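Trainee: One file: input.pdb (PDB, C-alpha atoms).
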```
ATOM      1  CA  MET A  92      -2.726  17.284  52.445  1.00  0.00           C
ATOM      2  CA  LEU A  93      -0.501  16.872  49.424  1.00  0.00           C
ATOM      3  CA  ILE A  94       1.840  19.750  48.626  1.00  0.00           C
ATOM      4  CA  SER A  95       4.769  20.073  46.257  1.00  0.00           C
ATOM      5  CA  PHE A  96       7.967  18.537  47.632  1.00  0.00           C
ATOM      6  CA  ASP A  97       9.836  21.663  46.532  1.00  0.00           C
ATOM      7  CA  SER A  98       7.564  23.852  48.677  1.00  0.00           C
ATOM      8  CA  LEU A  99       8.331  21.911  51.868  1.00  0.00           C
ATOM      9  CA  PRO A 100      10.505  23.903  54.295  1.00  0.00           C
ATOM     10  CA  ASP A 101      14.081  22.692  54.737  1.00  0.00           C
ATOM     11  CA  HIS A 102      13.380  21.543  58.310  1.00  0.00           C
ATOM     12  CA  SER A 103      10.684  19.114  57.096  1.00  0.00           C
ATOM     13  CA  ARG A 104      11.085  15.527  58.237  1.00  0.00           C
ATOM     14  CA  ILE A 105      11.805  13.011  55.503  1.00  0.00           C
ATOM     15  CA  TRP A 106      11.822   9.268  54.996  1.00  0.00           C
ATOM     16  CA  ILE A 107      13.740   7.687  52.128  1.00  0.00           C
ATOM     17  CA  TYR A 108      12.737   4.326  50.697  1.00  0.00           C
ATOM     18  CA  PRO A 109      15.321   2.964  48.241  1.00  0.00           C
ATOM     19  CA  SER A 110      14.078   0.444  45.700  1.00  0.00           C
ATOM     20  CA  ASN A 111      16.227  -2.581  45.032  1.00  0.00           C
ATOM     21  CA  ARG A 112      15.920  -1.790  41.321  1.00  0.00           C
ATOM     22  CA  LYS A 113      15.108   1.047  38.946  1.00  0.00           C
ATOM     23  CA  LEU A 114      11.396   1.415  38.293  1.00  0.00           C
ATOM     24  CA  SER A 115       9.829   1.235  34.841  1.00  0.00           C
ATOM     25  CA  GLU A 116       7.806   4.137  33.435  1.00  0.00           C
ATOM     26  CA  GLN A 117       4.594   2.260  34.211  1.00  0.00           C
ATOM     27  CA  GLU A 118       5.754   1.599  37.784  1.00  0.00           C
ATOM     28  CA  ILE A 119       6.746   5.255  38.239  1.00  0.00           C
ATOM     29  CA  PHE A 120       3.259   6.305  37.151  1.00  0.00           C
ATOM     30  CA  LEU A 121       1.741   3.858  39.635  1.00  0.00           C
ATOM     31  CA  VAL A 122       4.002   4.993  42.511  1.00  0.00           C
ATOM     32  CA  LYS A 123       3.126   8.636  41.810  1.00  0.00           C
ATOM     33  CA  GLU A 124      -0.581   7.831  41.667  1.00  0.00           C
ATOM     34  CA  ARG A 125      -0.596   5.714  44.853  1.00  0.00           C
ATOM     35  CA  THR A 126       1.614   8.142  46.791  1.00  0.00           C
ATOM     36  CA  THR A 127      -0.584  11.075  45.770  1.00  0.00           C
ATOM     37  CA  GLU A 128      -3.652   9.165  46.981  1.00  0.00           C
ATOM     38  CA  PHE A 129      -1.986   8.261  50.274  1.00  0.00           C
ATOM     39  CA  LEU A 130      -0.573  11.699  51.083  1.00  0.00           C
ATOM     40  CA  THR A 131      -3.842  13.403  50.167  1.00  0.00           C
ATOM     41  CA  GLN A 132      -5.599  11.556  52.992  1.00  0.00           C
ATOM     42  CA  TRP A 133      -2.678  11.120  55.458  1.00  0.00           C
ATOM     43  CA  THR A 134      -3.581  12.402  58.917  1.00  0.00           C
ATOM     44  CA  ALA A 135      -2.377  12.365  62.520  1.00  0.00           C
ATOM     45  CA  HIS A 136      -5.082  12.370  65.178  1.00  0.00           C
ATOM     46  CA  GLY A 137      -7.549  13.790  62.654  1.00  0.00           C
ATOM     47  CA  ALA A 138      -5.265  16.612  61.495  1.00  0.00           C
ATOM     48  CA  ASP A 139      -4.181  16.736  57.858  1.00  0.00           C
ATOM     49  CA  LEU A 140      -0.455  16.232  57.380  1.00  0.00           C
ATOM     50  CA  MET A 141       1.248  18.579  54.919  1.00  0.00           C
ATOM     51  CA  ALA A 142       3.391  16.204  52.897  1.00  0.00           C
ATOM     52  CA  GLY A 143       5.025  15.902  49.510  1.00  0.00           C
ATOM     53  CA  PHE A 144       7.170  13.361  47.717  1.00  0.00           C
ATOM     54  CA  ASP A 145      10.065  13.043  45.331  1.00  0.00           C
ATOM     55  CA  LEU A 146      11.128  10.118  43.114  1.00  0.00           C
ATOM     56  CA  PRO A 147      14.813  10.735  42.342  1.00  0.00           C
ATOM     57  CA  TYR A 148      16.570   8.504  39.846  1.00  0.00           C
ATOM     58  CA  ASP A 149      13.374   6.477  39.363  1.00  0.00           C
ATOM     59  CA  ARG A 150      14.353   4.285  42.309  1.00  0.00           C
ATOM     60  CA  PHE A 151      13.947   6.207  45.568  1.00  0.00           C
ATOM     61  CA  LEU A 152      10.666   7.268  47.129  1.00  0.00           C
ATOM     62  CA  VAL A 153      11.254  10.270  49.377  1.00  0.00           C
ATOM     63  CA  ILE A 154       8.365  11.422  51.539  1.00  0.00           C
ATOM     64  CA  GLY A 155       8.633  14.800  53.219  1.00  0.00           C
ATOM     65  CA  LEU A 156       6.440  16.116  56.018  1.00  0.00           C
ATOM     66  CA  ASN A 157       6.100  19.727  57.153  1.00  0.00           C
ATOM     67  CA  GLN A 158       5.532  19.259  60.878  1.00  0.00           C
ATOM     68  CA  ASP A 159       4.821  22.933  61.593  1.00  0.00           C
ATOM     69  CA  GLN A 160       1.036  22.395  61.595  1.00  0.00           C
ATOM     70  CA  ALA A 161       0.846  18.744  62.604  1.00  0.00           C
ATOM     71  CA  ALA A 162       3.547  16.203  63.404  1.00  0.00           C
ATOM     72  CA  ALA A 163       3.530  12.540  62.529  1.00  0.00           C
ATOM     73  CA  SER A 164       2.220  10.300  65.283  1.00  0.00           C
ATOM     74  CA  GLY A 165       2.799   6.620  65.911  1.00  0.00           C
ATOM     75  CA  CYS A 166      -0.447   5.793  64.113  1.00  0.00           C
ATOM     76  CA  SER A 167       0.351   7.982  61.107  1.00  0.00           C
ATOM     77  CA  ILE A 168       3.842   6.510  60.819  1.00  0.00           C
ATOM     78  CA  ASP A 169       2.324   3.016  61.022  1.00  0.00           C
ATOM     79  CA  ALA A 170      -0.052   4.009  58.211  1.00  0.00           C
ATOM     80  CA  SER A 171       2.874   5.160  56.070  1.00  0.00           C
ATOM     81  CA  VAL A 172       4.709   1.876  56.645  1.00  0.00           C
ATOM     82  CA  ARG A 173       1.589  -0.066  55.640  1.00  0.00           C
ATOM     83  CA  PHE A 174       1.408   2.105  52.522  1.00  0.00           C
ATOM     84  CA  ILE A 175       5.044   1.345  51.646  1.00  0.00           C
ATOM     85  CA  GLN A 176       4.438  -2.366  52.267  1.00  0.00           C
ATOM     86  CA  SER A 177       1.481  -2.268  49.879  1.00  0.00           C
ATOM     87  CA  LEU A 178       3.683  -0.656  47.201  1.00  0.00           C
ATOM     88  CA  GLN A 179       6.286  -3.381  47.723  1.00  0.00           C
ATOM     89  CA  GLU A 180       3.684  -6.103  47.238  1.00  0.00           C
ATOM     90  CA  GLU A 181       2.037  -4.466  44.248  1.00  0.00           C
ATOM     91  CA  LEU A 182       5.313  -3.829  42.417  1.00  0.00           C
ATOM     92  CA  GLY A 183       7.394  -6.776  43.614  1.00  0.00           C
ATOM     93  CA  ILE A 184      10.153  -4.503  44.933  1.00  0.00           C
ATOM     94  CA  ASP A 185      11.938  -4.018  48.231  1.00  0.00           C
ATOM     95  CA  LEU A 186      11.697  -0.572  49.824  1.00  0.00           C
ATOM     96  CA  LEU A 187      12.093  -1.262  53.546  1.00  0.00           C
ATOM     97  CA  ASP A 188      15.240  -3.366  53.895  1.00  0.00           C
ATOM     98  CA  LYS A 189      17.717  -1.084  55.659  1.00  0.00           C
ATOM     99  CA  MET A 190      20.481  -3.681  55.339  1.00  0.00           C
ATOM    100  CA  ASN A 191      21.217  -2.601  51.764  1.00  0.00           C
ATOM    101  CA  VAL A 192      23.526   0.050  50.340  1.00  0.00           C
ATOM    102  CA  THR A 193      22.857   2.125  47.242  1.00  0.00           C
ATOM    103  CA  PHE A 194      25.827   3.800  45.592  1.00  0.00           C
ATOM    104  CA  TYR A 195      27.275   4.948  42.294  1.00  0.00           C
ATOM    105  CA  SER A 196      29.205   2.405  40.312  1.00  0.00           C
ATOM    106  CA  GLY A 197      30.567   4.524  37.503  1.00  0.00           C
ATOM    107  CA  ASP A 198      27.554   6.241  35.933  1.00  0.00           C
ATOM    108  CA  PHE A 199      25.141   3.638  37.262  1.00  0.00           C
ATOM    109  CA  ILE A 200      23.405   3.278  40.600  1.00  0.00           C
ATOM    110  CA  ALA A 201      24.084  -0.047  42.296  1.00  0.00           C
ATOM    111  CA  HIS A 202      22.065  -1.630  45.089  1.00  0.00           C
ATOM    112  CA  LYS A 203      23.860  -4.272  47.159  1.00  0.00           C
ATOM    113  CA  SER A 204      23.379  -5.988  50.459  1.00  0.00           C
ATOM    114  CA  LEU A 205      25.453  -4.621  53.307  1.00  0.00           C
ATOM    115  CA  ILE A 206      27.438  -7.876  53.323  1.00  0.00           C
ATOM    116  CA  GLU A 207      28.241  -7.483  49.612  1.00  0.00           C
ATOM    117  CA  PHE A 208      29.200  -3.837  50.114  1.00  0.00           C
ATOM    118  CA  LYS A 209      31.597  -4.818  52.930  1.00  0.00           C
ATOM    119  CA  LYS A 210      33.205  -7.400  50.633  1.00  0.00           C
ATOM    120  CA  MET A 211      33.491  -4.822  47.859  1.00  0.00           C
ATOM    121  CA  ALA A 212      35.187  -2.401  50.264  1.00  0.00           C
ATOM    122  CA  LYS A 213      37.600  -5.104  51.420  1.00  0.00           C
ATOM    123  CA  ASN A 214      38.397  -5.960  47.780  1.00  0.00           C
ATOM    124  CA  LYS A 215      38.737  -2.233  46.989  1.00  0.00           C
ATOM    125  CA  SER A 216      35.874  -2.377  44.450  1.00  0.00           C
ATOM    126  CA  VAL A 217      34.481   0.634  46.310  1.00  0.00           C
ATOM    127  CA  SER A 218      36.625   3.337  47.854  1.00  0.00           C
ATOM    128  CA  ARG A 219      36.436   6.185  50.333  1.00  0.00           C
ATOM    129  CA  ASN A 220      35.353   8.406  47.444  1.00  0.00           C
ATOM    130  CA  THR A 221      32.579   6.141  46.145  1.00  0.00           C
ATOM    131  CA  VAL A 222      29.413   8.229  46.295  1.00  0.00           C
ATOM    132  CA  VAL A 223      26.805   6.549  48.467  1.00  0.00           C
ATOM    133  CA  PHE A 224      23.205   7.452  49.224  1.00  0.00           C
ATOM    134  CA  ASN A 225      22.870   8.183  52.914  1.00  0.00           C
ATOM    135  CA  ASN A 226      19.218   7.206  53.352  1.00  0.00           C
ATOM    136  CA  LEU A 227      19.408   7.971  57.080  1.00  0.00           C
ATOM    137  CA  VAL A 228      19.198  11.735  56.626  1.00  0.00           C
ATOM    138  CA  ASN A 229      16.269  13.183  58.617  1.00  0.00           C
ATOM    139  CA  THR A 230      15.383  16.557  57.127  1.00  0.00           C
ATOM    140  CA  LYS A 231      14.867  18.000  53.685  1.00  0.00           C
ATOM    141  CA  GLU A 232      17.946  20.171  54.187  1.00  0.00           C
ATOM    142  CA  GLU A 233      20.067  17.094  54.965  1.00  0.00           C
ATOM    143  CA  TYR A 234      18.526  15.332  51.976  1.00  0.00           C
ATOM    144  CA  LEU A 235      19.440  18.201  49.662  1.00  0.00           C
ATOM    145  CA  ASN A 236      22.986  18.573  51.021  1.00  0.00           C
ATOM    146  CA  TYR A 237      24.118  15.268  52.518  1.00  0.00           C
ATOM    147  CA  TRP A 238      22.186  12.497  50.800  1.00  0.00           C
ATOM    148  CA  GLU A 239      24.732  11.812  48.042  1.00  0.00           C
ATOM    149  CA  VAL A 240      28.132  11.881  49.699  1.00  0.00           C
ATOM    150  CA  PRO A 241      31.512  10.156  49.478  1.00  0.00           C
ATOM    151  CA  ALA A 242      31.479   6.985  51.579  1.00  0.00           C
ATOM    152  CA  HIS A 243      34.066   8.411  53.980  1.00  0.00           C
ATOM    153  CA  GLU A 244      31.606  11.207  54.903  1.00  0.00           C
ATOM    154  CA  SER A 245      28.746   8.866  55.805  1.00  0.00           C
ATOM    155  CA  TRP A 246      27.946   5.979  58.109  1.00  0.00           C
ATOM    156  CA  HIS A 247      29.323   3.694  55.349  1.00  0.00           C
ATOM    157  CA  ASN A 248      32.806   4.811  56.422  1.00  0.00           C
ATOM    158  CA  ARG A 249      32.946   2.075  59.062  1.00  0.00           C
ATOM    159  CA  PHE A 250      33.132  -0.564  56.307  1.00  0.00           C
ATOM    160  CA  LEU A 251      36.062   0.951  54.474  1.00  0.00           C
ATOM    161  CA  PRO A 252      39.620  -0.285  55.047  1.00  0.00           C
TER
END
```
Turn this file's structure into C-alpha coordinates for me.
Mentor:
Amino acid sequence: MLISFDSLPDHSRIWIYPSNRKLSEQEIFLVKERTTEFLTQWTAHGADLMAGFDLPYDRFLVIGLNQDQAAASGCSIDASVRFIQSLQEELGIDLLDKMNVTFYSGDFIAHKSLIEFKKMAKNKSVSRNTVVFNNLVNTKEEYLNYWEVPAHESWHNRFLP
(Lines of atoms letter the chains of each structure in order from A and count residues from 1; the text may use other names and numbers.)
(Lines give C-alpha, C1' and ligand atoms only; values in the text may rest on other atoms or scores of the structure.)
Protein backbone atom coordinates (compact mmCIF):
# COMPACT_ATOMS: atom_id res chain seq x y z
CA MET A 1 0.00 0.00 0.00
CA LEU A 2 1.58 3.23 -1.14
CA ILE A 3 1.48 6.13 1.30
CA SER A 4 3.23 9.49 1.35
CA PHE A 5 6.83 9.27 2.56
CA ASP A 6 6.17 12.29 4.78
CA SER A 7 3.33 10.45 6.55
CA LEU A 8 5.55 7.51 7.54
CA PRO A 9 6.29 7.45 11.28
CA ASP A 10 9.85 8.27 12.31
CA HIS A 11 10.49 4.67 13.42
CA SER A 12 9.78 3.36 9.89
CA ARG A 13 12.48 1.18 8.38
CA ILE A 14 14.25 2.62 5.37
CA TRP A 15 16.54 1.48 2.58
CA ILE A 16 18.63 3.97 0.63
CA TYR A 17 19.78 3.23 -2.91
CA PRO A 18 22.30 5.80 -4.18
CA SER A 19 22.59 6.17 -7.94
CA ASN A 20 26.05 6.45 -9.41
CA ARG A 21 24.84 9.54 -11.28
CA LYS A 22 22.13 12.19 -11.20
CA LEU A 23 18.96 11.12 -12.97
CA SER A 24 17.42 13.02 -15.88
CA GLU A 25 13.87 14.37 -15.69
CA GLN A 26 12.67 11.49 -17.86
CA GLU A 27 14.44 8.96 -15.62
CA ILE A 28 12.98 10.58 -12.49
CA PHE A 29 9.49 10.24 -13.98
CA LEU A 30 10.18 6.58 -14.75
CA VAL A 31 11.58 5.85 -11.26
CA LYS A 32 8.54 7.49 -9.65
CA GLU A 33 6.17 5.54 -11.89
CA ARG A 34 7.89 2.17 -11.36
CA THR A 35 8.32 2.68 -7.61
CA THR A 36 4.67 3.66 -7.24
CA GLU A 37 3.66 0.50 -9.11
CA PHE A 38 5.93 -1.67 -6.98
CA LEU A 39 4.97 -0.23 -3.59
CA THR A 40 1.27 -0.34 -4.45
CA GLN A 41 1.44 -4.13 -4.72
CA TRP A 42 4.28 -4.88 -2.23
CA THR A 43 3.23 -7.48 0.33
CA ALA A 44 4.64 -9.75 3.02
CA HIS A 45 2.90 -13.09 3.46
CA GLY A 46 -0.21 -11.68 1.79
CA ALA A 47 -0.37 -8.55 3.95
CA ASP A 48 -0.08 -5.14 2.30
CA LEU A 49 3.04 -3.24 3.30
CA MET A 50 2.57 0.45 4.10
CA ALA A 51 5.44 2.05 2.23
CA GLY A 52 6.45 5.34 0.68
CA PHE A 53 9.46 6.70 -1.16
CA ASP A 54 11.58 9.78 -1.56
CA LEU A 55 13.94 10.81 -4.39
CA PRO A 56 16.29 13.38 -2.84
CA TYR A 57 18.71 15.24 -5.07
CA ASP A 58 17.46 13.29 -8.10
CA ARG A 59 19.96 10.54 -7.34
CA PHE A 60 18.87 8.59 -4.26
CA LEU A 61 15.88 6.27 -4.03
CA VAL A 62 14.75 6.03 -0.42
CA ILE A 63 12.09 3.46 0.40
CA GLY A 64 10.40 3.66 3.78
CA LEU A 65 8.25 0.99 5.40
CA ASN A 66 5.88 1.43 8.33
CA GLN A 67 6.21 -1.94 10.04
CA ASP A 68 3.46 -1.32 12.60
CA GLN A 69 0.88 -3.30 10.60
CA ALA A 70 3.15 -5.69 8.71
CA ALA A 71 6.92 -6.10 8.69
CA ALA A 72 9.08 -6.93 5.72
CA SER A 73 9.83 -10.62 5.34
CA GLY A 74 12.66 -12.36 3.54
CA CYS A 75 10.44 -12.81 0.48
CA SER A 76 9.30 -9.18 0.45
CA ILE A 77 12.87 -7.94 0.82
CA ASP A 78 13.91 -10.24 -2.04
CA ALA A 79 11.10 -8.74 -4.12
CA SER A 80 12.36 -5.23 -3.39
CA VAL A 81 15.90 -6.17 -4.42
CA ARG A 82 14.58 -7.64 -7.67
CA PHE A 83 12.68 -4.39 -8.21
CA ILE A 84 15.84 -2.32 -7.66
CA GLN A 85 17.77 -4.62 -10.01
CA SER A 86 15.13 -4.09 -12.69
CA LEU A 87 15.47 -0.30 -12.29
CA GLN A 88 19.24 -0.62 -12.64
CA GLU A 89 18.88 -2.58 -15.88
CA GLU A 90 16.20 -0.33 -17.33
CA LEU A 91 18.09 2.90 -16.59
CA GLY A 92 21.69 1.71 -16.91
CA ILE A 93 22.56 2.90 -13.40
CA ASP A 94 24.06 1.35 -10.29
CA LEU A 95 21.93 1.41 -7.14
CA LEU A 96 23.14 -1.60 -5.16
CA ASP A 97 26.92 -1.27 -4.97
CA LYS A 98 27.63 -0.56 -1.30
CA MET A 99 31.34 -0.09 -2.01
CA ASN A 100 30.77 3.50 -3.15
CA VAL A 101 30.71 6.78 -1.26
CA THR A 102 28.50 9.75 -2.06
CA PHE A 103 29.52 13.11 -0.66
CA TYR A 104 29.49 16.84 -1.27
CA SER A 105 32.31 18.25 -3.32
CA GLY A 106 31.67 21.96 -3.03
CA ASP A 107 28.08 22.49 -4.16
CA PHE A 108 28.02 19.25 -6.13
CA ILE A 109 27.34 15.68 -5.10
CA ALA A 110 30.16 13.30 -5.97
CA HIS A 111 29.96 9.52 -6.20
CA LYS A 112 33.26 7.64 -5.91
CA SER A 113 34.39 4.13 -5.25
CA LEU A 114 35.50 3.43 -1.71
CA ILE A 115 39.06 3.00 -2.99
CA GLU A 116 38.95 6.44 -4.64
CA PHE A 117 37.48 8.00 -1.50
CA LYS A 118 40.30 6.51 0.61
CA LYS A 119 42.86 7.99 -1.79
CA MET A 120 41.11 11.36 -1.65
CA ALA A 121 41.21 11.26 2.16
CA LYS A 122 44.91 10.37 2.12
CA ASN A 123 45.58 13.24 -0.31
CA LYS A 124 43.41 15.55 1.83
CA SER A 125 40.97 16.15 -1.06
CA VAL A 126 38.26 15.28 1.46
CA SER A 127 38.42 16.19 5.12
CA ARG A 128 36.81 15.33 8.44
CA ASN A 129 34.22 18.00 7.68
CA THR A 130 33.33 16.79 4.18
CA VAL A 131 29.61 16.06 4.27
CA VAL A 132 28.93 12.45 3.34
CA PHE A 133 25.69 10.55 2.83
CA ASN A 134 25.45 7.81 5.42
CA ASN A 135 23.31 5.36 3.44
CA LEU A 136 23.46 2.85 6.30
CA VAL A 137 20.89 4.66 8.43
CA ASN A 138 17.98 2.33 9.32
CA THR A 139 15.00 4.47 10.27
CA LYS A 140 13.26 7.52 8.90
CA GLU A 141 14.33 9.46 11.99
CA GLU A 142 17.99 8.57 11.35
CA TYR A 143 17.52 9.47 7.69
CA LEU A 144 16.13 12.89 8.58
CA ASN A 145 18.80 13.63 11.20
CA TYR A 146 21.93 11.62 10.42
CA TRP A 147 21.96 10.92 6.69
CA GLU A 148 23.99 13.99 5.67
CA VAL A 149 26.78 14.30 8.20
CA PRO A 150 30.43 15.34 8.40
CA ALA A 151 32.66 12.37 7.56
CA HIS A 152 34.07 12.29 11.10
CA GLU A 153 30.54 11.57 12.44
CA SER A 154 29.92 8.57 10.19
CA TRP A 155 31.41 5.20 9.33
CA HIS A 156 33.54 7.06 6.74
CA ASN A 157 35.66 8.30 9.65
CA ARG A 158 37.82 5.18 9.50
CA PHE A 159 39.26 6.33 6.16
CA LEU A 160 40.33 9.76 7.32
CA PRO A 161 43.92 10.46 8.41
Trainee: Please expand the PyMOL selection byres ((chain A and resi 208) around 12) into the concrete residues it hits in this file, giving the result as a ChimeraX atom specification.
Mentor: /A:190-196,201-207,209-218,221,223,242,247-251
Trainee: Find the residue from A:Ile107, A:Leu187, A:Leu182, A:Val240 that sits nearest to A:Phe151; use only C-alpha atoms when measuring.
Mentor: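 Smallest separation from A:Phe151 among the options: A:Ile107.
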Trainee: Dump as a Markdown table the rows for residues of stretch 171-232 of chain A within 12 Å of stretch 163-166 of chain A: closest atom pair and distance in Å with one decimal, only C-alpha atoms counted, ordered by chain and rising residue number.
Mentor:
```
| residue | atom | partner | partner_atom | distance |
| --- | --- | --- | --- | --- |
| A:Ser171 | CA | A:Cys166 | CA | 8.7 |
| A:Val172 | CA | A:Cys166 | CA | 9.9 |
| A:Arg173 | CA | A:Cys166 | CA | 10.5 |
```
Trainee: Using all atoms listed in the file, which of the listed residues (A:His102, A:Arg125, A:His243, A:Lys231) sits closest to A:Glu181?
Mentor: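 Of A:His102, A:Arg125, A:His243, A:Lys231, the one nearest A:Glu181 is A:Arg125, counting all atoms listed in the file.
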Trainee: For A:Leu235, which residue out of A:Gly137, A:Pro252, A:Pro147, A:Gly183 is the nearest one, using all atoms listed in the file?
Mentor: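 Of all the options, A:Pro147 lies closest to A:Leu235.
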